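**Student:** This is start.cif (mmCIF, C-alpha atoms).
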data_coords
loop_
_atom_site.group_PDB
_atom_site.id
_atom_site.type_symbol
_atom_site.label_atom_id
_atom_site.label_comp_id
_atom_site.auth_asym_id
_atom_site.auth_seq_id
_atom_site.Cartn_x
_atom_site.Cartn_y
_atom_site.Cartn_z
ATOM 1 C CA MET A 1 25.199 47.793 20.133
ATOM 2 C CA GLU A 2 21.921 45.926 20.594
ATOM 3 C CA LEU A 3 21.466 43.072 23.030
ATOM 4 C CA MET A 4 19.892 39.933 21.560
ATOM 5 C CA PRO A 5 18.508 37.017 23.584
ATOM 6 C CA TRP A 6 20.578 33.882 23.307
ATOM 7 C CA ARG A 7 18.623 30.999 21.759
ATOM 8 C CA PRO A 8 20.853 27.946 21.655
ATOM 9 C CA PHE A 9 18.235 25.864 19.792
ATOM 10 C CA GLY A 10 17.080 28.608 17.409
ATOM 11 C CA THR A 11 19.142 27.383 14.468
ATOM 12 C CA LEU A 12 18.245 23.802 15.344
ATOM 13 C CA SER A 13 14.515 24.417 14.925
ATOM 14 C CA SER A 14 15.187 26.040 11.541
ATOM 15 C CA SER A 15 17.193 22.974 10.501
ATOM 16 C CA ARG A 16 14.395 20.746 11.765
ATOM 17 C CA ARG A 17 11.869 22.577 9.555
ATOM 18 C CA ASP A 18 14.199 22.191 6.564
ATOM 19 C CA LEU A 19 14.557 18.464 7.224
ATOM 20 C CA ASP A 20 10.779 18.091 7.617
ATOM 21 C CA ARG A 21 10.224 19.794 4.251
ATOM 22 C CA LEU A 22 12.839 17.549 2.617
ATOM 23 C CA TRP A 23 11.246 14.452 4.164
ATOM 24 C CA ASP A 24 7.797 15.535 2.889
ATOM 25 C CA ARG A 25 9.157 16.044 -0.637
ATOM 26 C CA LEU A 26 10.940 12.671 -0.667
ATOM 27 C CA PHE A 27 7.842 10.738 0.325
ATOM 28 C CA ARG A 28 5.240 12.839 -1.439
ATOM 29 C CA GLU A 29 4.345 9.942 -3.752
ATOM 30 C CA ALA A 30 4.097 7.361 -0.974
ATOM 31 C CA PRO A 31 0.642 5.806 -0.555
ATOM 32 C CA SER A 32 -0.127 7.620 2.682
ATOM 33 C CA MET A 33 1.193 11.118 1.940
ATOM 34 C CA GLY A 34 1.108 13.939 -0.554
ATOM 35 C CA ALA A 35 -1.297 15.485 -2.990
ATOM 36 C CA ALA A 36 -3.416 13.697 -5.566
ATOM 37 C CA THR A 37 -1.371 12.388 -8.453
ATOM 38 C CA GLU A 38 -2.068 10.464 -11.629
ATOM 39 C CA GLU A 39 -0.282 7.438 -10.175
ATOM 40 C CA TRP A 40 -0.827 6.114 -6.665
ATOM 41 C CA LEU A 41 -0.225 2.908 -4.764
ATOM 42 C CA PRO A 42 -2.736 1.440 -2.318
ATOM 43 C CA SER A 43 -1.481 0.366 1.104
ATOM 44 C CA VAL A 44 -1.058 -3.407 1.388
ATOM 45 C CA ASP A 45 -0.643 -5.895 4.259
ATOM 46 C CA ILE A 46 0.759 -9.365 3.547
ATOM 47 C CA SER A 47 0.544 -12.133 6.118
ATOM 48 C CA GLU A 48 1.006 -15.879 6.250
ATOM 49 C CA THR A 49 -0.767 -18.665 8.066
ATOM 50 C CA LYS A 50 0.139 -22.341 8.108
ATOM 51 C CA LYS A 51 -1.917 -22.995 4.967
ATOM 52 C CA ASN A 52 -2.336 -19.593 3.230
ATOM 53 C CA PHE A 53 -0.808 -16.297 2.209
ATOM 54 C CA ILE A 54 -3.184 -13.388 2.793
ATOM 55 C CA VAL A 55 -2.916 -10.062 0.962
ATOM 56 C CA LYS A 56 -5.102 -7.137 2.031
ATOM 57 C CA ALA A 57 -5.162 -3.921 -0.003
ATOM 58 C CA GLU A 58 -6.930 -0.699 0.965
ATOM 59 C CA LEU A 59 -8.932 0.509 -2.022
ATOM 60 C CA PRO A 60 -11.352 3.163 -0.737
ATOM 61 C CA GLY A 61 -13.876 4.464 -3.227
ATOM 62 C CA LEU A 62 -13.433 1.583 -5.687
ATOM 63 C CA ASP A 63 -15.864 -1.106 -6.786
ATOM 64 C CA THR A 64 -15.004 -4.676 -7.740
ATOM 65 C CA LYS A 65 -15.362 -3.726 -11.409
ATOM 66 C CA ASP A 66 -12.484 -1.224 -10.961
ATOM 67 C CA VAL A 67 -10.010 -3.864 -9.717
ATOM 68 C CA LYS A 68 -8.312 -6.863 -11.380
ATOM 69 C CA VAL A 69 -6.403 -9.581 -9.518
ATOM 70 C CA SER A 70 -4.191 -12.067 -11.364
ATOM 71 C CA LEU A 71 -1.715 -14.783 -10.442
ATOM 72 C CA SER A 72 0.988 -15.883 -12.853
ATOM 73 C CA GLY A 73 3.202 -18.575 -11.361
ATOM 74 C CA ASP A 74 4.174 -17.099 -8.016
ATOM 75 C CA LEU A 75 3.567 -13.449 -9.006
ATOM 76 C CA LEU A 76 0.372 -11.858 -7.658
ATOM 77 C CA THR A 77 -0.725 -8.651 -9.384
ATOM 78 C CA ILE A 78 -3.426 -6.230 -8.243
ATOM 79 C CA LYS A 79 -4.291 -3.414 -10.615
ATOM 80 C CA GLY A 80 -7.095 -0.996 -11.183
ATOM 81 C CA GLU A 81 -8.150 2.574 -11.534
ATOM 82 C CA LYS A 82 -9.789 5.101 -9.256
ATOM 83 C CA LYS A 83 -11.558 7.614 -11.420
ATOM 84 C CA LYS A 84 -11.296 11.309 -10.633
ATOM 85 C CA GLU A 85 -14.566 12.914 -9.615
ATOM 86 C CA GLU A 86 -15.908 15.466 -12.039
ATOM 87 C CA GLU A 87 -15.771 19.048 -10.796
ATOM 88 C CA GLU A 88 -19.112 20.824 -10.661
ATOM 89 C CA LYS A 89 -19.517 23.949 -12.783
ATOM 90 C CA ASP A 90 -19.207 26.458 -9.915
ATOM 91 C CA GLU A 91 -16.921 24.361 -7.720
ATOM 92 C CA HIS A 92 -13.346 25.516 -7.131
ATOM 93 C CA HIS A 93 -10.968 23.239 -5.250
ATOM 94 C CA HIS A 94 -8.715 24.780 -2.629
ATOM 95 C CA PHE A 95 -6.966 21.603 -1.587
ATOM 96 C CA ILE A 96 -6.982 18.100 -3.116
ATOM 97 C CA GLU A 97 -5.529 15.218 -1.167
ATOM 98 C CA ARG A 98 -7.518 12.199 -2.359
ATOM 99 C CA TYR A 99 -5.854 9.964 -4.902
ATOM 100 C CA SER A 100 -7.083 9.106 -8.372
ATOM 101 C CA GLY A 101 -5.665 7.366 -11.398
ATOM 102 C CA SER A 102 -4.443 3.898 -12.212
ATOM 103 C CA PHE A 103 -2.307 1.678 -10.011
ATOM 104 C CA GLN A 104 -0.557 -1.673 -10.165
ATOM 105 C CA ARG A 105 1.128 -3.638 -7.374
ATOM 106 C CA SER A 106 2.877 -6.978 -7.904
ATOM 107 C CA PHE A 107 4.161 -9.340 -5.232
ATOM 108 C CA GLN A 108 6.494 -12.301 -5.619
ATOM 109 C CA LEU A 109 5.214 -15.116 -3.421
ATOM 110 C CA PRO A 110 7.971 -17.114 -1.711
ATOM 111 C CA THR A 111 6.633 -20.609 -2.460
ATOM 112 C CA SER A 112 4.383 -22.472 -4.846
ATOM 113 C CA VAL A 113 0.670 -21.901 -4.398
ATOM 114 C CA LYS A 114 -2.597 -23.514 -5.503
ATOM 115 C CA ALA A 115 -3.513 -21.054 -8.267
ATOM 116 C CA ASP A 116 -6.899 -22.676 -8.899
ATOM 117 C CA LYS A 117 -7.926 -22.195 -5.231
ATOM 118 C CA VAL A 118 -7.141 -18.465 -4.870
ATOM 119 C CA GLU A 119 -10.069 -16.431 -3.508
ATOM 120 C CA ALA A 120 -10.589 -12.672 -3.531
ATOM 121 C CA THR A 121 -13.211 -10.774 -1.530
ATOM 122 C CA PHE A 122 -13.979 -7.074 -1.328
ATOM 123 C CA ASP A 123 -15.570 -5.556 1.775
ATOM 124 C CA LYS A 124 -15.724 -1.934 2.997
ATOM 125 C CA GLY A 125 -12.965 -0.783 0.635
ATOM 126 C CA VAL A 126 -10.554 -3.615 1.527
ATOM 127 C CA LEU A 127 -9.590 -6.274 -1.005
ATOM 128 C CA LYS A 128 -8.595 -9.573 0.628
ATOM 129 C CA VAL A 129 -6.827 -12.207 -1.473
ATOM 130 C CA THR A 130 -6.378 -15.635 0.134
ATOM 131 C CA ILE A 131 -3.749 -17.778 -1.591
ATOM 132 C CA PRO A 132 -3.499 -21.426 -0.441
ATOM 133 C CA LYS A 133 -0.023 -22.960 -0.283
ATOM 134 C CA VAL A 134 0.729 -26.287 -1.920
ATOM 135 C CA GLU A 135 1.086 -29.128 0.570
ATOM 136 C CA GLU A 136 4.856 -29.462 0.278
ATOM 137 C CA ALA A 137 5.266 -25.719 0.872
ATOM 138 C CA GLU A 138 3.538 -25.829 4.239
ATOM 139 C CA LYS A 139 5.897 -25.770 7.195
ATOM 140 C CA LYS A 140 6.230 -29.148 8.842
ATOM 141 C CA GLU A 141 7.817 -29.787 12.175
ATOM 142 C CA ILE A 142 10.267 -32.689 12.119
ATOM 143 C CA GLU A 143 10.499 -34.767 15.212
ATOM 144 C CA ILE A 144 14.040 -35.382 16.435
ATOM 145 C CA LYS A 145 14.529 -38.955 17.477
ATOM 146 C CA VAL A 146 16.897 -40.084 20.188
ATOM 147 C CA LYS A 147 19.221 -42.992 19.332
#
What does the file become when written as structure tokens?
**Tutor:**
Amino acid sequence: MELMPWRPFGTLSSSRRDLDRLWDRLFREAPSMGAATEEWLPSVDISETKKNFIVKAELPGLDTKDVKVSLSGDLLTIKGEKKKEEEEKDEHHHFIERYSGSFQRSFQLPTSVKADKVEATFDKGVLKVTIPKVEEAEKKEIEIKVK
């Protein structure tokens, strides 16, 4: 009979590795994880000020000609394509993690907006779309009067 050291957490670490692998597979197509795929989604931040909605999308490696922004009613759509770099004749890739391919993200805005006043800027790989709210959609504080 051979004596074996007791490792109470030995099977736990094996289970942890299995769960980590499962987690990685589930979120492989998320914008911030996984290998390059034909379809990817840029990371987006959406915020609100008193007068505007602001949408910021990270689009590294793209130019303004690669991106289209449209507003239909209260639906904002950002779409474009990041072209795959051509492989050089003697170049062999060992690992590819950068994304390429087309993408499309659409966002339902919660209130009416001034479609003719929407502005989009692109700086250092970040697209910023500023969407002004209509006057009646702006939050207004109502004074409570004492009788």
**Student:** Translate the PyMOL selection byres ((chain A and resi 74-82) around 6) into a concrete residue list for this structure, as a JSON list (two decimals) with C-alpha atoms, in the coordinates of the input.
**Tutor:**
[["chain", "number", "residue", "atom", "x", "y", "z"],
["A", 66, "ASP", "CA", -12.48, -1.22, -10.96],
["A", 67, "VAL", "CA", -10.01, -3.86, -9.72],
["A", 68, "LYS", "CA", -8.31, -6.86, -11.38],
["A", 69, "VAL", "CA", -6.40, -9.58, -9.52],
["A", 70, "SER", "CA", -4.19, -12.07, -11.36],
["A", 71, "LEU", "CA", -1.72, -14.78, -10.44],
["A", 72, "SER", "CA", 0.99, -15.88, -12.85],
["A", 73, "GLY", "CA", 3.20, -18.58, -11.36],
["A", 83, "LYS", "CA", -11.56, 7.61, -11.42],
["A", 100, "SER", "CA", -7.08, 9.11, -8.37],
["A", 101, "GLY", "CA", -5.66, 7.37, -11.40],
["A", 102, "SER", "CA", -4.44, 3.90, -12.21],
["A", 103, "PHE", "CA", -2.31, 1.68, -10.01],
["A", 104, "GLN", "CA", -0.56, -1.67, -10.16],
["A", 105, "ARG", "CA", 1.13, -3.64, -7.37],
["A", 106, "SER", "CA", 2.88, -6.98, -7.90],
["A", 107, "PHE", "CA", 4.16, -9.34, -5.23],
["A", 108, "GLN", "CA", 6.49, -12.30, -5.62],
["A", 109, "LEU", "CA", 5.21, -15.12, -3.42]]
**Student:** Determine the residue membership of the PyMOL selection byres ((chain A and resi 121) around 12) for the file above and supply it as a PyMOL selection string.
**Tutor:** chain A and resi 54-57+63-64+67-69+118-120+122-131
**Student:** Using the chain letters and numbering of this document, enumerate as a list of chain:residue names the residues selected by the PyMOL selection byres ((chain A and resi 112) around 9).
**Tutor:** A:Gly73, A:Asp74, A:Leu109, A:Pro110, A:Thr111, A:Val113, A:Lys114, A:Ala115, A:Lys133, A:Val134, A:Glu136, A:Ala137
**Student:** Please report the interatomic distance between CA of Leu19 (chain A) and CA of Glu97 (chain A) in Å with one decimal.
**Tutor:**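 Separating CA of Leu19 (chain A) from CA of Glu97 (chain A) is a distance of 22.0 Å.
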**Student:** Please measure the separation of CA of Lys117 (chain A) and CA of Lys65 (chain A), giving the value in Å to one decimal.
**Tutor:**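 CA of Lys65 (chain A) lies 20.8 Å from CA of Lys117 (chain A).
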**Student:** Restricting the calculation to only C-alpha atoms: of A:Pro132, A:Ile144, A:Asp18, A:Lys84, which residue gets closest to Thr49 (chain A)?
**Tutor:** A:Pro132
**Student:** What is the CA of Pro42 (chain A) to CA of Leu22 (chain A) distance in Å?
**Tutor:** 22.9 Å
**Student:** Let me have the centre and edge lengths of the axis-aligned box enclosing all listed atoms of region 118-130 of chain A with 8 Å padding on every side, in Å to one decimal, as lines of an AutoDock Vina configuration file.
**Tutor:**
center_x = -11.1
center_y = -9.6
center_z = -0.9
size_x = 25.3
size_y = 33.7
size_z = 23.9
